[in-house]
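Raw data.txt, compact mmCIF, C-alpha atoms:
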```
# COMPACT_ATOMS: atom_id res chain seq x y z
CA MET A 160 107.23 111.73 72.95
CA SER A 161 105.28 114.73 74.20
CA THR A 162 107.10 118.05 74.33
CA LEU A 163 105.14 119.10 77.42
CA SER A 164 107.13 119.72 80.61
CA ILE A 165 106.54 117.54 83.68
CA SER A 166 106.53 118.10 87.44
CA VAL A 167 106.50 115.10 89.79
CA VAL A 168 104.76 115.64 93.13
CA ILE A 169 105.64 113.39 96.07
CA CYS A 170 103.81 113.84 99.38
CA THR A 171 105.64 112.41 102.36
CA ARG A 172 105.65 112.14 106.13
CA ASN A 173 108.26 110.43 108.32
CA ARG A 174 109.47 107.98 105.68
CA ARG A 175 113.14 108.74 105.22
CA ALA A 176 114.34 105.57 103.49
CA ALA A 177 111.19 105.16 101.42
CA LEU A 178 111.37 108.77 100.19
CA LYS A 179 114.99 108.36 99.06
CA ARG A 180 114.07 105.22 97.11
CA CYS A 181 111.14 107.06 95.55
CA VAL A 182 113.24 110.08 94.50
CA ASP A 183 116.02 107.83 93.18
CA SER A 184 113.52 106.12 90.88
CA ILE A 185 112.64 109.52 89.40
CA VAL A 186 116.28 110.53 88.97
CA ASN A 187 116.90 107.26 87.08
CA GLN A 188 114.09 107.83 84.57
CA SER A 189 114.87 107.40 80.88
CA TYR A 190 113.04 110.72 80.40
CA GLN A 191 113.58 112.97 83.38
CA PRO A 192 111.04 115.51 84.64
CA GLN A 193 111.87 119.20 84.81
CA GLU A 194 111.28 119.32 88.56
CA ILE A 195 110.36 117.28 91.63
CA ILE A 196 108.12 118.79 94.29
CA VAL A 197 108.27 117.20 97.73
CA VAL A 198 105.41 118.12 100.05
CA ASP A 199 106.41 117.36 103.64
CA ASP A 200 103.25 116.79 105.67
CA ALA A 201 104.72 117.98 109.00
CA SER A 202 107.42 115.34 109.43
CA GLY A 203 109.67 115.08 112.45
CA LYS A 204 113.11 116.70 112.69
CA GLU A 205 115.10 113.63 111.54
CA THR A 206 113.00 113.28 108.38
CA LYS A 207 113.41 116.97 107.57
CA GLU A 208 117.20 116.57 107.76
CA VAL A 209 117.10 113.62 105.35
CA ILE A 210 114.82 115.53 102.95
CA ASN A 211 117.27 118.44 102.88
CA LYS A 212 120.14 116.04 102.18
CA ILE A 213 118.19 114.47 99.30
CA ILE A 214 117.55 117.94 97.85
CA ARG A 215 121.24 118.90 98.05
CA ASN A 216 122.39 115.71 96.30
CA CYS A 217 119.69 115.42 93.62
CA GLU A 218 120.56 116.23 90.01
CA ILE A 219 116.97 117.23 89.27
CA PRO A 220 115.70 120.47 90.85
CA ILE A 221 113.64 119.69 93.96
CA ARG A 222 111.35 122.20 95.58
CA LEU A 223 110.27 121.55 99.14
CA ILE A 224 106.91 122.56 100.57
CA VAL A 225 106.42 122.06 104.32
CA ASN A 226 102.96 121.87 105.88
CA GLU A 227 102.95 123.50 109.30
CA LYS A 228 100.51 120.84 110.49
CA ARG A 229 99.31 117.52 109.15
CA MET A 230 96.95 118.09 106.22
CA GLY A 231 96.62 114.63 104.65
CA PRO A 232 96.96 113.53 100.99
CA PRO A 233 94.34 115.67 99.18
CA THR A 234 95.45 119.01 100.61
CA SER A 235 99.15 118.10 100.36
CA ARG A 236 98.75 117.20 96.69
CA ASN A 237 96.94 120.48 96.09
CA GLU A 238 99.93 122.32 97.53
CA GLY A 239 102.08 120.48 95.02
CA ILE A 240 99.75 121.43 92.17
CA LYS A 241 99.89 125.10 93.13
CA ALA A 242 103.68 125.02 93.25
CA ALA A 243 104.13 123.11 89.97
CA LYS A 244 105.46 125.14 87.03
CA CYS A 245 105.16 122.47 84.33
CA ASP A 246 102.44 121.45 81.89
CA ILE A 247 101.90 117.98 83.38
CA VAL A 248 101.75 117.06 87.08
CA ALA A 249 102.51 113.43 87.92
CA PHE A 250 101.86 112.00 91.38
CA LEU A 251 103.84 109.29 93.14
CA ASP A 252 103.38 108.16 96.75
CA ASP A 253 106.42 108.17 99.03
CA ASP A 254 106.28 104.39 99.55
CA CYS A 255 106.32 103.79 95.78
CA SER A 256 108.99 103.74 93.12
CA ALA A 257 108.58 104.09 89.37
CA ASP A 258 109.73 101.90 86.51
CA GLU A 259 112.52 103.64 84.58
CA ASN A 260 110.19 104.36 81.64
CA TRP A 261 107.29 105.61 83.79
CA ILE A 262 107.46 109.28 82.80
CA SER A 263 108.19 108.44 79.17
CA GLU A 264 105.10 106.22 79.02
CA LEU A 265 102.92 108.78 80.80
CA SER A 266 104.06 111.53 78.45
CA LYS A 267 103.49 109.87 75.11
CA TYR A 268 99.68 110.13 75.14
CA TYR A 269 99.41 113.82 75.97
CA GLU A 270 99.96 114.74 72.32
CA TYR A 271 96.29 113.91 71.78
CA GLU A 272 94.33 117.02 72.73
CA PRO A 273 91.26 115.45 74.47
CA ILE A 274 93.48 113.52 76.88
CA ILE A 275 93.91 115.33 80.20
CA GLY A 276 95.13 112.44 82.38
CA VAL A 277 97.35 109.36 82.05
CA GLY A 278 97.97 106.71 84.67
CA GLY A 279 98.96 103.08 84.97
CA PRO A 280 99.04 99.97 87.14
CA VAL A 281 100.64 99.56 90.54
CA ILE A 282 102.58 96.38 91.27
CA GLU A 283 102.14 95.49 94.94
CA LEU A 284 105.31 94.23 96.60
CA GLY A 285 103.94 94.16 100.16
CA ARG A 286 100.54 92.52 99.66
CA LYS A 287 99.15 89.38 98.08
CA ILE A 288 97.27 90.37 94.93
CA HIS A 289 95.49 87.99 92.59
CA ALA A 290 94.94 89.88 89.35
CA LYS A 291 91.95 88.94 87.23
CA THR A 292 92.53 87.32 83.86
CA LYS A 293 92.04 90.14 81.32
CA PRO A 294 89.43 92.10 83.32
CA ARG A 295 86.62 93.58 81.21
CA LYS A 296 86.64 96.78 83.26
CA TYR A 297 89.69 98.28 84.91
CA MET A 298 88.38 100.82 87.44
CA TYR A 299 84.72 101.56 88.11
CA ILE A 300 81.96 101.94 90.68
CA SER A 301 79.51 99.03 90.65
CA LYS A 302 75.72 99.25 90.87
CA LEU A 303 76.03 98.39 94.57
CA GLY A 304 78.55 101.17 95.23
CA ASN A 305 81.70 99.04 95.30
CA VAL A 306 84.74 101.02 94.14
CA VAL A 307 86.52 98.41 92.02
CA ASN A 308 90.18 98.65 91.05
CA ASN A 309 91.51 95.78 88.94
CA THR A 310 94.85 97.47 88.23
CA ARG A 311 96.67 96.56 91.42
CA LEU A 312 98.90 93.69 90.34
CA GLY A 313 100.82 90.95 92.07
CA ASP A 314 103.83 91.02 89.74
CA ALA A 315 105.03 92.28 86.38
CA ASP A 316 103.76 89.17 84.59
CA ASP A 317 100.23 90.49 85.09
CA LEU A 318 100.93 93.52 82.88
CA GLU A 319 100.23 91.53 79.71
CA LYS A 320 96.58 91.24 80.77
CA PHE A 321 96.03 94.94 80.14
CA ASP A 322 95.94 97.27 77.17
CA VAL A 323 95.71 101.03 76.61
CA ARG A 324 92.18 102.34 77.10
CA PRO A 325 90.11 105.16 78.64
CA VAL A 326 89.27 104.71 82.34
CA ASN A 327 87.02 106.34 84.92
CA PHE A 328 89.74 107.18 87.46
CA PHE A 329 93.28 106.33 88.59
CA GLN A 330 94.92 105.15 91.78
CA GLY A 331 96.99 107.62 93.76
CA GLY A 332 100.30 105.79 93.45
CA ASN A 333 100.33 106.22 89.68
CA MET A 334 98.56 109.11 87.99
CA SER A 335 99.21 112.32 86.08
CA TYR A 336 97.13 115.21 84.76
CA LYS A 337 97.51 118.36 82.74
CA ARG A 338 98.04 121.13 85.25
CA ASP A 339 95.49 123.37 83.53
CA ALA A 340 92.86 120.65 84.00
CA LEU A 341 93.74 120.28 87.69
CA ILE A 342 93.42 124.03 88.19
CA LYS A 343 90.06 124.05 86.39
CA LEU A 344 88.84 121.21 88.62
CA HIS A 345 90.21 122.93 91.77
CA GLY A 346 92.44 119.95 92.41
CA PHE A 347 91.61 117.27 94.96
CA ASP A 348 88.62 117.65 97.26
CA GLY A 349 89.98 118.39 100.73
CA GLY A 350 86.71 117.14 102.21
CA PHE A 351 88.04 113.58 101.92
CA LYS A 352 89.76 113.57 105.30
CA GLY A 353 91.51 110.99 107.42
CA ASN A 354 93.30 108.46 105.25
CA GLY A 355 92.18 110.42 102.18
CA TYR A 356 90.31 107.36 100.94
CA ARG A 357 88.33 108.02 97.68
CA GLU A 358 89.89 111.38 96.78
CA GLU A 359 91.51 109.96 93.63
CA THR A 360 88.21 108.37 92.58
CA ASP A 361 86.43 111.67 93.07
CA LEU A 362 88.99 113.55 90.97
CA GLY A 363 88.69 110.98 88.21
CA ILE A 364 84.91 111.23 88.06
CA ARG A 365 85.11 115.01 87.82
CA SER A 366 87.88 114.80 85.22
CA ASN A 367 85.67 112.72 82.93
CA LYS A 368 83.44 115.77 82.50
CA ILE A 369 86.16 117.84 80.83
CA GLY A 370 88.39 115.32 79.07
CA ILE A 371 89.66 111.76 78.66
CA GLN A 372 91.77 109.75 81.10
CA VAL A 373 93.93 107.01 79.61
CA PHE A 374 95.33 103.91 81.29
CA ASN A 375 98.73 102.81 79.96
CA PRO A 376 99.91 99.43 81.33
CA LYS A 377 103.51 100.25 80.39
CA ALA A 378 103.52 103.21 82.81
CA TYR A 379 103.79 101.15 85.98
CA THR A 380 104.97 101.78 89.52
CA PHE A 381 105.81 99.63 92.54
CA HIS A 382 104.15 99.90 95.96
CA TYR A 383 106.06 98.69 99.02
CA SER A 384 103.31 99.15 101.65
CA VAL A 385 105.60 100.71 104.26
CA LYS A 386 103.95 100.10 107.64
CA LYS A 387 104.97 103.33 109.35
CA GLY A 388 104.69 106.98 108.44
CA GLY A 389 103.13 108.40 105.31
CA CYS A 390 100.51 111.10 104.80
CA ARG A 391 97.79 108.55 105.48
CA ASP A 392 99.08 107.34 108.84
CA VAL A 393 96.41 109.40 110.63
CA VAL A 394 94.53 106.11 110.92
CA LYS A 395 97.40 104.92 113.17
CA PHE A 396 97.06 101.48 111.58
CA SER A 397 93.94 100.97 113.66
CA MET A 398 91.22 98.90 112.01
CA PRO A 399 88.31 100.86 113.55
CA ARG A 400 89.80 104.19 112.47
CA PHE A 401 90.46 102.88 108.98
CA LEU A 402 86.85 101.64 108.73
CA TYR A 403 85.56 104.98 110.01
CA TRP A 404 87.31 107.02 107.30
CA LYS A 405 86.63 104.48 104.58
CA THR A 406 82.91 104.54 105.39
CA ARG A 407 82.77 108.31 105.78
CA ASN A 408 84.59 109.07 102.55
CA THR A 409 82.67 106.46 100.57
CA CYS A 410 79.38 108.01 101.71
CA LEU A 411 80.67 111.44 100.69
CA LEU A 412 81.77 110.16 97.28
CA LEU A 413 78.43 108.50 96.50
CA LEU A 414 76.35 111.47 97.65
CA LYS A 415 78.51 113.77 95.55
CA HIS A 416 78.16 111.92 92.25
CA TYR A 417 74.83 110.10 92.25
CA SER A 418 71.19 111.03 92.61
CA LEU A 419 70.05 111.10 96.23
CA LEU A 420 67.99 107.91 95.97
CA ASN A 421 70.70 106.01 94.10
CA ALA A 422 73.41 107.18 96.50
CA LEU A 423 71.39 106.17 99.57
CA LYS A 424 70.74 102.72 98.10
CA LYS A 425 74.45 102.23 97.50
CA ILE A 426 75.33 103.52 100.98
CA LYS A 427 72.79 101.17 102.56
CA TYR A 428 74.35 98.19 100.81
CA GLN A 429 77.90 99.23 101.75
CA PHE A 430 76.90 99.75 105.37
CA LYS A 431 75.14 96.37 105.67
CA ARG A 432 78.03 94.57 103.97
CA ASP A 433 80.67 96.12 106.24
CA ILE A 434 78.66 95.39 109.40
CA ALA A 435 78.10 91.79 108.26
CA GLY A 436 81.83 91.44 107.62
CA ILE A 437 82.62 92.50 111.18
CA ILE A 438 80.00 90.19 112.68
CA ASN A 439 81.24 87.25 110.61
CA GLY A 440 84.87 87.94 111.46
CA LYS A 441 85.75 88.96 107.89
CA PRO A 442 86.14 92.77 107.90
CA ASN A 443 86.15 94.46 104.50
CA LEU A 444 89.81 95.52 104.47
CA GLY A 445 90.75 94.33 101.00
CA THR A 446 94.47 93.49 100.93
CA ARG A 447 95.22 95.40 104.16
CA GLU A 448 94.26 92.72 106.71
CA LYS A 449 97.79 92.07 107.92
CA PHE A 450 98.24 95.75 108.81
CA TYR A 451 95.37 95.90 111.29
CA PRO A 452 95.17 93.83 114.49
CA GLN A 453 91.71 92.52 115.33
CA VAL A 454 89.71 94.44 117.92
CA SER A 455 86.31 94.18 119.55
CA ARG A 456 83.48 93.77 117.04
CA LEU A 457 81.42 96.32 118.91
CA VAL A 458 84.20 98.91 118.62
CA SER A 459 84.52 98.34 114.85
CA ILE A 460 80.76 98.52 114.32
CA THR A 461 80.61 101.74 116.34
CA TYR A 462 83.30 103.32 114.15
CA ILE A 463 81.56 102.22 110.94
CA PHE A 464 78.31 103.74 112.21
CA GLY A 465 80.11 106.96 113.14
CA GLY A 466 81.76 107.16 109.73
CA ALA A 467 78.42 106.65 107.99
CA MET A 468 76.77 109.39 110.03
CA SER A 469 79.64 111.81 109.40
CA GLY A 470 79.66 111.11 105.65
CA LEU A 471 75.89 111.38 105.36
CA ILE A 472 75.74 114.67 107.24
CA LEU A 473 78.54 116.25 105.21
CA GLY A 474 77.30 114.84 101.91
CA LEU A 475 73.72 116.00 102.46
CA PHE A 476 74.89 119.40 103.66
CA ARG A 477 76.94 119.85 100.50
CA ARG A 478 73.99 118.85 98.31
CA THR A 479 71.73 121.46 99.90
CA HIS A 480 74.30 124.24 100.25
CA GLY A 481 76.27 123.81 97.05
```

Rewritten as structure tokens:
Amino acid sequence: MSTLSISVVICTRNRRAALKRCVDSIVNQSYQPQEIIVVDDASGKETKEVINKIIRNCEIPIRLIVNEKRMGPPTSRNEGIKAAKCDIVAFLDDDCSADENWISELSKYYEYEPIIGVGGPVIELGRKIHAKTKPRKYMYISKLGNVVNNTRLGDADDLEKFDVRPVNFFQGGNMSYKRDALIKLHGFDGGFKGNGYREETDLGIRSNKIGIQVFNPKAYTFHYSVKKGGCRDVVKFSMPRFLYWKTRNTCLLLLKHYSLLNALKKIKYQFKRDIAGIINGKPNLGTREKFYPQVSRLVSITYIFGGAMSGLILGLFRRTHG
């Protein structure tokens, strides 16, 4: 067991019941953290009252940070990083809960000096997931620009398909990093706006340049896919808005981490695939289809085009202006 201290950061917005379940799962850990930091992304009055009640009744010290306006996941997490006082910062989404040994399993690998991040799988309780049989790669970006995550699981039985190994990045509902590394990397990139799509991937890619990230299948969490609220609900559960931010942030990610020619090739493929999916009535929503009602194909295509233009402009501007 690592002797390093641990802060748990939970970003939330208008999810009273989900937040209580999330905090309870941290309180019931076999190895408790030294503090919990709740970042309230401008919730309504009723949620604020529930948060204050949770703080009063929690046996672990909770510090509350309140955003004056909605900032989204990357910036909210950065506020948590700045407030954290411990050696390790673990992140859990407000519609998730953690297995009772989550923190214990995250902690055990930090005794090895090169390791700066530890994460694990997420068991989806609100979506149908068909996990691959012993996937060769866990999380990676393909030659065509697909961001592939094979660590979202349908149930706990899938855990046996995985082992401990280095990975390229983590998923937001289950990750931790040394705080010093997060400070060195300047935290999450606030340029990934909207639903915050791709900000965890970006952090992981940058983290690989200064240390090792380890995937531990025994450090697992549960995701309930709550349909309302959350720091990402800026998409309003609208398929066109989701596709806009997904396209924009994917363009930004690829332009940030690949050569210009390679990035543009990947973006071209992603754009053509997403447009074809809309035309063929099979939008590229992954496991989120049930959350988004179908709309006009022209509207969806327009939003994808707008997202691509926004991502290209920002990505190219960053490349030329540092």

field: Close residues, A:Glu259 itself excluded, 7 Å, only C-alpha atoms, min 6 positions apart in chain, as a count of residues only
entry: 4

d(atom CA of A:Ile165, atom CA of A:Ser202) in Å: 25.9 Å

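Distance check against A:Leu413 using all atoms listed in the file: of A:Leu265, A:Ala201, A:Ala467, A:Leu251, the minimum falls on A:Ala467.
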
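Using all atoms listed in the file, the shortest contact distance between A:Thr380 and any of A:Ile463, A:Leu341, A:Ile210, A:Ala257 is found at A:Ala257.
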
task: May I have the residues within 8 Å of A:Leu402 as a VMD selection string, using all atoms listed in the file and disregarding those fewer than 5 positions away in the same chain?
output: chain A and resid 459 462 to 463 466

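Atom pair atom CA of A:Ala177 / atom CA of A:Tyr383 has a distance of 8.6 Å (rounded to one decimal).
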
- prompt: Which one is closest to A:Lys296: A:Asp314, A:Gly239, A:Gly363, A:Phe374? Count only C-alpha atoms.
  reply: A:Phe374

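In this model, the gap between atom CA of A:Asp258 and atom CA of A:Ser166 comes to 16.5 Å.
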
Near A:Pro273, within 7 Å and counting only C-alpha atoms, which residues show up once chain neighbours fewer than 2 positions away are dropped, as a PDB file with C-alpha atoms, in the frame of the given file?
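Writing the result to part35.pdb gives the following:
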```pdb
ATOM      1  CA  TYR A 271      96.290 113.910  71.780  1.00  0.00           C
ATOM      2  CA  ILE A 275      93.910 115.330  80.200  1.00  0.00           C
ATOM      3  CA  GLY A 370      88.390 115.320  79.070  1.00  0.00           C
ATOM      4  CA  ILE A 371      89.660 111.760  78.660  1.00  0.00           C
TER       5      ILE A 371
END
```

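Shown here are all protein and nucleic acid residues lying within 12 Å of (93.9, 124.2, 78.6), with only C-alpha atoms considered: Asp246, Ile247, Glu272, Pro273, Ile274, Ile275, Tyr336, Lys337, Arg338, Asp339, Ala340, Leu341, Ile342, Lys343, Leu344, Ile369 and Gly370 of chain A.
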
message: Give me, as a ChimeraX atom specification, all polymer residues having an atom no more than 8 Å from stretch 218-234 of chain A, counting all atoms listed in the file and skipping those fewer than 6 positions away in the same chain.
response: /A:170,186,192-201,347-349,351-355,358,390-391,393

Using all atoms listed in the file: which of A:Leu411, A:Leu312, A:Leu362, A:Met398 has the shortest distance to A:Val458: A:Met398

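Residue nearest A:Gly278 within the list A:Ile262, A:Leu457, A:Ala315, A:Cys181: A:Ile262 [criterion: smallest interatomic distance, only C-alpha atoms].
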
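Among the candidates A:His416, A:Lys377, A:Lys241, A:His345, the residue lying nearest to A:Lys267 is A:Lys377 (atoms considered: all atoms listed in the file).
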
message: Please list as JSON, numbers by chain every residue within 12 Å of stretch 431-435 of chain A, counting all atoms listed in the file and excluding residues in the same chain fewer than 3 positions away.
response: {"A": [303, 304, 305, 399, 402, 403, 405, 406, 409, 424, 425, 426, 427, 428, 438, 439, 440, 441, 442, 443, 444, 445, 456, 457, 458, 459, 460, 461, 462, 463, 464, 466, 467]}

Enclosing box along x, y and z for every listed atom of stretch 296-310 of chain A, padded 8 Å each side, centre and size in Å, one decimal, as lines of an AutoDock Vina configuration file:
```
center_x = 85.3
center_y = 98.9
center_z = 89.3
size_x = 35.1
size_y = 22.2
size_z = 28.0
```
